[in-house]
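Printed here is my_file.csv (CSV, C-alpha atoms):
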```
chain,number,residue,atom,x,y,z
A,195,MET,CA,120.0,77.5,138.8
A,196,ILE,CA,117.5,80.3,138.0
A,197,SER,CA,115.4,80.0,135.0
A,198,THR,CA,112.5,81.5,133.0
A,199,GLY,CA,109.9,80.4,130.6
A,200,ASN,CA,107.3,82.3,128.6
A,201,ASP,CA,104.7,81.5,125.9
A,202,ILE,CA,102.5,83.5,123.7
A,203,ILE,CA,99.3,82.5,121.8
A,204,ASP,CA,98.0,84.6,118.9
A,205,LEU,CA,94.3,84.1,119.3
A,206,SER,CA,93.7,84.9,115.6
A,207,ARG,CA,95.3,81.5,114.9
A,208,ILE,CA,93.3,79.3,117.2
A,209,ASP,CA,90.4,77.1,115.9
A,210,VAL,CA,87.7,78.2,118.3
A,211,GLN,CA,85.2,75.4,117.5
A,212,ARG,CA,87.9,72.7,117.7
A,213,THR,CA,89.3,74.1,120.9
A,214,LYS,CA,85.9,73.8,122.6
A,215,GLN,CA,85.5,70.1,121.6
A,216,GLU,CA,86.2,67.8,124.5
A,217,ARG,CA,88.3,65.6,122.2
A,218,PHE,CA,90.7,68.5,121.8
A,219,TYR,CA,91.0,70.0,125.3
A,220,SER,CA,91.0,66.6,127.0
A,221,LYS,CA,94.4,66.0,125.4
A,222,ILE,CA,95.7,69.0,127.3
A,223,LEU,CA,93.7,69.2,130.5
A,224,SER,CA,92.6,66.8,133.2
A,225,GLN,CA,89.0,66.7,134.2
A,226,ALA,CA,89.9,68.6,137.4
A,227,GLU,CA,91.6,71.3,135.4
A,228,THR,CA,88.6,71.6,133.1
A,229,ASP,CA,86.3,71.8,136.1
A,230,GLY,CA,88.5,74.7,137.3
A,231,TYR,CA,86.9,76.9,134.7
A,232,LEU,CA,83.8,77.0,136.9
A,233,THR,CA,85.3,76.3,140.3
A,234,ASN,CA,87.8,79.2,139.9
A,235,GLY,CA,85.0,81.5,138.7
A,236,LEU,CA,86.6,82.2,135.3
A,237,VAL,CA,83.4,82.4,133.3
A,238,ASN,CA,84.1,85.9,132.1
A,239,LEU,CA,86.9,84.4,130.1
A,240,PRO,CA,85.7,82.7,126.9
A,241,PHE,CA,86.1,78.9,127.4
A,242,GLU,CA,88.5,78.6,124.4
A,243,ASN,CA,90.7,81.3,125.9
A,244,PHE,CA,90.7,79.4,129.2
A,245,ILE,CA,92.0,76.3,127.4
A,246,TRP,CA,94.7,78.3,125.7
A,247,LEU,CA,95.6,80.1,128.9
A,248,LEU,CA,96.4,76.8,130.5
A,249,TRP,CA,98.2,75.6,127.4
A,250,SER,CA,100.3,78.7,127.6
A,251,VAL,CA,101.0,78.1,131.3
A,252,LYS,CA,102.0,74.5,130.7
A,253,GLU,CA,104.3,75.4,127.8
A,254,SER,CA,106.0,78.1,129.9
A,255,VAL,CA,106.5,75.6,132.7
A,256,TYR,CA,108.1,73.2,130.3
A,257,LYS,CA,110.4,75.8,128.9
A,258,PHE,CA,111.4,76.8,132.5
A,259,SER,CA,112.1,73.2,133.5
A,260,LYS,CA,113.9,72.2,130.3
A,261,ARG,CA,116.8,74.5,131.2
A,262,ARG,CA,117.3,72.3,134.3
A,263,PHE,CA,116.2,69.0,132.9
A,264,PRO,CA,117.5,68.9,129.3
A,265,LEU,CA,115.9,65.5,128.5
A,266,LEU,CA,112.4,66.6,129.6
A,267,VAL,CA,109.7,66.0,127.1
A,268,PHE,CA,106.7,68.3,126.8
A,269,SER,CA,103.7,66.5,128.3
A,270,PRO,CA,100.8,68.9,129.1
A,271,LYS,CA,98.9,66.5,131.2
A,272,ARG,CA,101.8,65.9,133.5
A,273,ILE,CA,101.9,69.6,134.3
A,274,ILE,CA,99.1,70.1,136.7
A,275,THR,CA,97.6,73.6,137.1
A,276,GLY,CA,95.8,74.4,140.3
A,277,LEU,CA,94.1,77.4,141.8
A,278,ILE,CA,93.7,80.2,139.3
A,279,SER,CA,93.0,83.8,140.3
A,280,SER,CA,91.7,86.5,137.9
A,281,PRO,CA,92.9,90.0,137.3
A,282,LEU,CA,90.9,92.7,139.1
A,283,GLU,CA,89.6,93.9,135.8
A,284,ASP,CA,88.6,90.8,133.9
A,285,HIS,CA,87.4,92.4,130.6
A,286,LEU,CA,89.7,91.7,127.8
A,287,PRO,CA,91.8,94.7,126.9
A,288,VAL,CA,92.9,95.4,123.4
A,289,PHE,CA,96.7,95.1,122.6
A,290,GLU,CA,96.8,98.6,121.2
A,291,GLU,CA,100.5,99.2,120.9
A,292,ARG,CA,102.9,97.6,118.4
A,293,GLU,CA,105.1,96.6,121.3
A,294,CYS,CA,104.8,96.4,125.1
A,295,GLU,CA,107.7,96.0,127.6
A,296,ASN,CA,108.0,96.1,131.3
A,297,PHE,CA,109.5,94.5,134.3
A,298,SER,CA,107.5,92.7,137.0
A,299,LEU,CA,104.0,91.3,136.5
A,300,LYS,CA,101.5,92.5,139.0
A,301,LYS,CA,99.1,90.0,140.4
A,302,LYS,CA,96.2,92.4,140.1
A,303,ASP,CA,96.8,92.6,136.3
A,304,CYS,CA,97.1,88.9,135.6
A,305,TYR,CA,95.6,85.5,135.7
A,306,CYS,CA,97.7,83.7,138.3
A,307,CYS,CA,98.2,80.0,138.7
A,308,ILE,CA,100.0,77.6,140.9
A,309,ILE,CA,101.4,74.6,139.0
A,310,ASN,CA,102.8,71.3,140.2
A,311,THR,CA,104.9,68.9,138.2
A,312,GLU,CA,107.4,66.1,138.8
A,313,THR,CA,110.1,68.7,138.7
A,314,GLY,CA,108.7,71.1,141.3
A,315,GLN,CA,106.1,73.8,142.0
A,316,TYR,CA,105.8,76.9,139.9
A,317,TYR,CA,103.8,80.1,139.6
A,318,SER,CA,102.5,81.7,136.5
A,319,ARG,CA,101.3,85.2,135.6
A,320,SER,CA,99.3,85.6,132.4
A,321,LYS,CA,98.2,88.7,130.6
A,322,VAL,CA,95.2,88.1,128.4
A,323,TYR,CA,94.3,90.6,125.7
A,324,ASN,CA,91.7,90.5,123.0
A,325,GLU,CA,94.4,89.3,120.6
A,326,ILE,CA,96.9,87.3,122.7
A,327,ILE,CA,97.5,85.3,125.8
A,328,TYR,CA,101.0,85.8,127.2
A,329,THR,CA,102.4,83.8,130.2
A,330,VAL,CA,105.6,84.0,132.2
A,331,VAL,CA,106.5,81.3,134.8
A,332,SER,CA,108.6,81.7,138.0
A,333,GLU,CA,109.4,79.3,140.8
A,334,THR,CA,108.5,81.9,143.4
A,335,GLU,CA,105.6,84.2,143.8
A,336,ASN,CA,107.9,87.2,143.3
A,337,PHE,CA,107.9,88.4,139.7
A,338,ASP,CA,109.7,91.7,140.4
A,339,ASP,CA,112.9,90.7,138.7
A,340,ILE,CA,111.2,89.4,135.6
A,341,TRP,CA,111.5,91.5,132.5
A,342,TRP,CA,109.3,90.8,129.5
A,343,GLY,CA,108.3,92.2,126.2
A,344,ILE,CA,105.7,91.5,123.5
A,345,LYS,CA,105.9,92.8,119.9
A,346,TYR,CA,103.6,92.7,116.9
A,347,ILE,CA,105.4,91.7,113.7
A,348,TYR,CA,104.3,92.1,110.1
A,349,ASP,CA,106.4,89.3,108.5
A,350,VAL,CA,105.3,86.0,110.0
A,351,SER,CA,107.9,83.8,108.3
A,352,PRO,CA,109.9,81.6,110.7
A,353,ALA,CA,113.2,83.5,109.9
A,354,CYS,CA,111.6,86.9,110.6
A,355,GLN,CA,110.0,85.6,113.9
A,356,SER,CA,113.3,84.4,115.1
A,357,GLU,CA,115.2,87.5,114.0
A,358,SER,CA,112.6,89.9,115.4
A,359,VAL,CA,112.5,88.4,118.9
A,360,ARG,CA,116.3,88.4,119.1
A,361,ALA,CA,116.5,92.0,118.0
A,362,PHE,CA,113.7,93.0,120.3
A,363,ALA,CA,115.4,91.4,123.3
A,364,LEU,CA,118.8,92.8,122.4
A,365,GLU,CA,117.4,96.3,122.3
A,366,LYS,CA,116.4,95.9,125.9
A,367,PHE,CA,119.7,94.4,126.9
A,368,LYS,CA,121.5,97.4,125.4
A,369,GLU,CA,119.9,99.5,128.2
A,370,ILE,CA,121.4,97.1,130.8
A,371,TYR,CA,124.8,96.6,129.1
A,372,PRO,CA,125.6,99.9,127.4
A,373,ASN,CA,128.7,100.1,125.2
A,374,SER,CA,129.0,96.3,125.1
A,375,LYS,CA,129.0,93.9,122.3
A,376,LEU,CA,125.8,91.9,122.6
A,377,SER,CA,124.7,88.8,120.8
A,378,ILE,CA,122.3,85.9,121.4
A,379,SER,CA,123.3,82.3,120.7
A,380,LYS,CA,121.5,79.0,121.3
A,381,SER,CA,122.4,76.5,124.0
A,382,PRO,CA,122.8,72.8,123.0
A,383,VAL,CA,119.5,72.2,124.6
A,384,GLY,CA,117.9,74.9,122.5
A,385,TYR,CA,117.3,77.8,124.9
A,386,PRO,CA,118.7,81.3,124.0
A,387,VAL,CA,121.8,82.5,125.7
A,388,LEU,CA,122.9,86.2,126.0
A,389,ASN,CA,126.5,86.9,125.2
A,390,VAL,CA,128.1,90.1,126.4
A,391,ASN,CA,131.5,90.9,124.9
A,392,GLU,CA,131.5,87.3,123.7
A,393,ASN,CA,131.0,85.9,127.3
A,394,ALA,CA,127.9,83.7,127.8
A,395,MET,CA,125.8,85.1,130.6
A,396,LYS,CA,123.8,83.2,133.2
A,397,THR,CA,120.8,85.6,132.7
A,398,PRO,CA,118.0,83.1,132.0
A,399,LEU,CA,116.2,84.1,128.8
A,400,SER,CA,113.2,82.7,127.0
A,401,PHE,CA,111.7,83.4,123.6
A,402,THR,CA,108.3,82.7,122.2
A,403,HIS,CA,106.5,83.4,119.0
A,404,HIS,CA,103.1,82.6,117.5
A,405,PHE,CA,102.2,84.0,114.1
A,406,ARG,CA,102.0,87.8,114.4
A,407,PHE,CA,103.5,88.1,117.9
A,408,VAL,CA,106.9,87.5,119.4
A,409,ALA,CA,107.9,87.9,123.1
A,410,TYR,CA,110.8,87.5,125.5
A,411,SER,CA,111.3,87.1,129.2
A,412,PHE,CA,114.4,87.2,131.3
A,413,VAL,CA,115.3,87.4,135.0
A,414,TYR,CA,117.5,90.3,135.9
A,415,ASN,CA,118.4,92.6,138.8
A,416,SER,CA,121.4,94.8,139.1
A,417,THR,CA,123.2,92.5,141.6
A,418,MET,CA,123.4,89.9,138.9
A,419,ILE,CA,125.9,91.8,136.8
A,420,SER,CA,129.0,91.0,138.8
A,421,LYS,CA,128.3,87.2,138.9
A,422,ASP,CA,126.7,86.8,135.6
A,423,ILE,CA,129.3,85.1,133.5
A,424,PHE,CA,129.3,81.3,133.3
B,85,MET,CA,100.5,49.8,105.8
B,86,ASP,CA,103.8,50.8,104.2
B,87,ARG,CA,105.8,53.5,106.0
B,88,GLN,CA,106.3,55.4,102.8
B,89,VAL,CA,102.5,55.5,102.1
B,90,ILE,CA,101.9,56.8,105.7
B,91,LEU,CA,104.7,59.4,105.2
B,92,ASN,CA,103.1,60.7,102.0
B,93,GLU,CA,99.7,60.9,103.7
B,94,LEU,CA,101.2,62.5,106.8
B,95,LYS,CA,102.7,65.2,104.6
B,96,LYS,CA,99.2,66.3,103.6
B,97,VAL,CA,98.1,66.4,107.3
B,98,LEU,CA,101.1,68.6,108.1
B,99,VAL,CA,100.5,71.1,105.2
B,100,PRO,CA,98.2,73.6,107.0
B,101,TYR,CA,100.5,73.8,110.0
B,102,THR,CA,103.9,73.9,108.3
B,103,LEU,CA,105.6,77.3,107.9
B,104,ASN,CA,108.7,75.9,106.2
B,105,LYS,CA,107.2,74.6,103.0
B,106,GLU,CA,110.6,73.8,101.5
B,107,ALA,CA,111.4,71.5,104.3
B,108,LEU,CA,108.0,69.8,103.8
B,109,ASN,CA,108.8,69.1,100.2
B,110,ASN,CA,112.0,67.3,101.4
B,111,ILE,CA,110.3,65.5,104.3
B,112,ASN,CA,111.8,62.2,105.5
B,113,GLU,CA,111.5,60.2,108.7
B,114,GLN,CA,114.2,62.3,110.4
B,115,THR,CA,112.4,65.6,109.8
B,116,ASP,CA,111.7,67.3,113.1
B,117,LEU,CA,108.2,68.8,113.3
B,118,ILE,CA,109.2,71.9,115.3
B,119,LYS,CA,112.8,72.4,114.4
B,120,ASP,CA,112.7,71.6,110.7
B,121,LEU,CA,109.1,72.2,109.6
B,122,LYS,CA,108.7,75.2,112.0
B,123,ILE,CA,105.4,74.0,113.2
B,124,ASN,CA,104.2,75.9,116.2
B,125,SER,CA,103.9,73.7,119.3
B,126,ALA,CA,100.3,75.1,119.7
B,127,ASN,CA,99.4,73.0,116.6
B,128,LEU,CA,100.7,69.7,117.9
B,129,VAL,CA,97.3,68.7,119.3
B,130,ASP,CA,95.7,69.6,115.9
B,131,ILE,CA,98.1,67.3,114.2
B,132,ILE,CA,97.3,64.5,116.6
B,133,ILE,CA,93.6,64.9,116.0
B,134,ASP,CA,94.0,65.1,112.2
B,135,ALA,CA,96.1,61.9,112.3
B,136,GLU,CA,93.5,60.2,114.4
B,137,ASN,CA,90.8,61.2,111.9
B,138,GLN,CA,92.9,60.1,108.9
B,139,TYR,CA,93.6,56.6,110.3
B,140,HIS,CA,90.6,56.1,112.6
B,141,ILE,CA,92.8,55.6,115.6
B,142,GLU,CA,93.1,57.2,119.1
B,143,ILE,CA,96.4,58.6,120.1
B,144,ASP,CA,96.7,58.9,123.9
B,145,MET,CA,99.0,61.6,125.2
B,146,ASP,CA,101.6,59.1,126.5
B,147,SER,CA,102.1,58.0,122.8
B,148,ALA,CA,101.9,61.6,121.7
B,149,GLU,CA,104.9,62.4,123.9
B,150,ARG,CA,107.0,60.2,121.7
B,151,ILE,CA,106.3,62.2,118.6
B,152,SER,CA,109.0,64.7,117.8
B,153,ASN,CA,109.9,63.8,114.2
B,154,VAL,CA,108.0,62.2,111.3
B,155,GLY,CA,109.5,58.8,112.0
B,156,ASN,CA,108.1,58.8,115.6
B,157,CYS,CA,104.8,59.8,114.2
B,158,ILE,CA,104.7,56.9,111.8
B,159,ASP,CA,105.7,54.5,114.6
B,160,VAL,CA,102.8,55.7,116.7
B,161,ILE,CA,100.3,55.5,113.8
B,162,ILE,CA,101.4,51.9,112.9
B,163,GLU,CA,101.3,50.9,116.6
B,164,LYS,CA,97.7,52.3,117.0
B,165,MET,CA,96.5,50.7,113.7
B,166,GLY,CA,97.8,47.4,115.0
B,167,SER,CA,99.7,46.8,111.8
B,168,PRO,CA,103.0,45.0,111.8
B,169,ASN,CA,105.9,47.4,111.3
```

Could you write out this file's structure as structure tokens?
Amino acid sequence: MISTGNDIIDLSRIDVQRTKQERFYSKILSQAETDGYLTNGLVNLPFENFIWLLWSVKESVYKFSKRRFPLLVFSPKRIITGLISSPLEDHLPVFEERECENFSLKKKDCYCCIINTETGQYYSRSKVYNEIIYTVVSETENFDDIWWGIKYIYDVSPACQSESVRAFALEKFKEIYPNSKLSISKSPVGYPVLNVNENAMKTPLSFTHHFRFVAYSFVYNSTMISKDIF
Amino acid sequence: MDRQVILNELKKVLVPYTLNKEALNNINEQTDLIKDLKINSANLVDIIIDAENQYHIEIDMDSAERISNVGNCIDVIIEKMGSPN
């Protein structure tokens, strides 16, 4: 069963001083993971962003795994992040556009991590901007079939976040399934399900939102259409 | 400590992180922190630390894993305070 998981952090909402306190980050990271800030040479990344980068990775792995293991409980310290590589240009870019969409996540543009959990090994690619940290997880090192999008929203109410991310993803799916009736429902486990002409699709889809930003990820290539219905 | 007293105090702890203020007004032990109160998962560690400060306890992550609704949260607080339930 293929899956996907993504997570976004709006850095305007983090408490920088609290994040940097050991009491805070020790609830998320092991000592070895904390040491990785230096051993992986990530000092160009502010320490608080490093903490939230790994949170984002762990949350994405949880979402990825939850599709396969519905009873899974989020436990950040049971998700162990390993070697982390930095993007070629490690200054923090500004998220200049109101929305940003693409497929694939190039290693050279991302912080990349290998993750081990009781449910398996995973790979993450994270884009870190001045304003946000955005992560997508895969179980292979190939991210070519992963589509993703990030959008800035003005109304941060829970209803608007939910509505905005659904509309954003549906706009993308309209390009893949033109002239079809599209909708998004929620599985009993809680992950989003794409419906095309009222048929639930296998296309794994993940939503995330944090304050001013919403984002989606899904796995798709053209060979999936013919075998996409549950 | 009485569960209702803890619930009322917990409500104050949750205020800064709760997006659904109406659900917070109607909070009960079955209220889910994420699904009902719309608390972002990124704030869960903040809530644990605020609860630790409020009750002078330490909540390890094994215990934190059990917290999904208000009732679970009260269970963990009482357990860590060493009070009879």

* To do: Can you check which residues of chain B have any atom within 8 Å of chain A? Use all atoms listed in the file and format it as a PyMOL selection string.
  => chain B and resi 103-104+122+124+126+129-130+133+144-146+149

* **For atom CA of Asn393 of chain A and atom CA of Gln355 of chain A, the interatomic separation in Å (one decimal)** =>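 Atom CA of Gln355 of chain A lies 24.9 Å from atom CA of Asn393 of chain A.
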
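Separating atom CA of Asp134 of chain B from atom CA of Val99 of chain B is a distance of 11.3 Å.
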
* Mind pulling up the distance from atom CA of Asp116 of chain B to atom CA of Asn200 of chain A? -> 22.0 Å

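For the residues B:Gln88, B:Ile131, B:Glu142, B:Asn137, ranking by smallest atom-to-atom distance to Asn112 of chain B using all atoms listed in the file places B:Gln88 first.
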
* **Residues near segment 358-364 of chain A, cut-off 12 Å, all atoms listed in the file, skip fewer than 4 positions along chain, as a ChimeraX atom specification** => /A:292-296,341-354,368-372,374-380,386-390,399-404,406-412

* To do: For Ile309 of chain A, list every protein, DNA or RNA residue within 12 Å, evaluated using all atoms listed in the file, and leave out those in the same chain fewer than 2 positions away; present the list as a PyMOL selection string.
  => chain A and resi 227+248+251-256+270-278+306-307+311-319+331-335
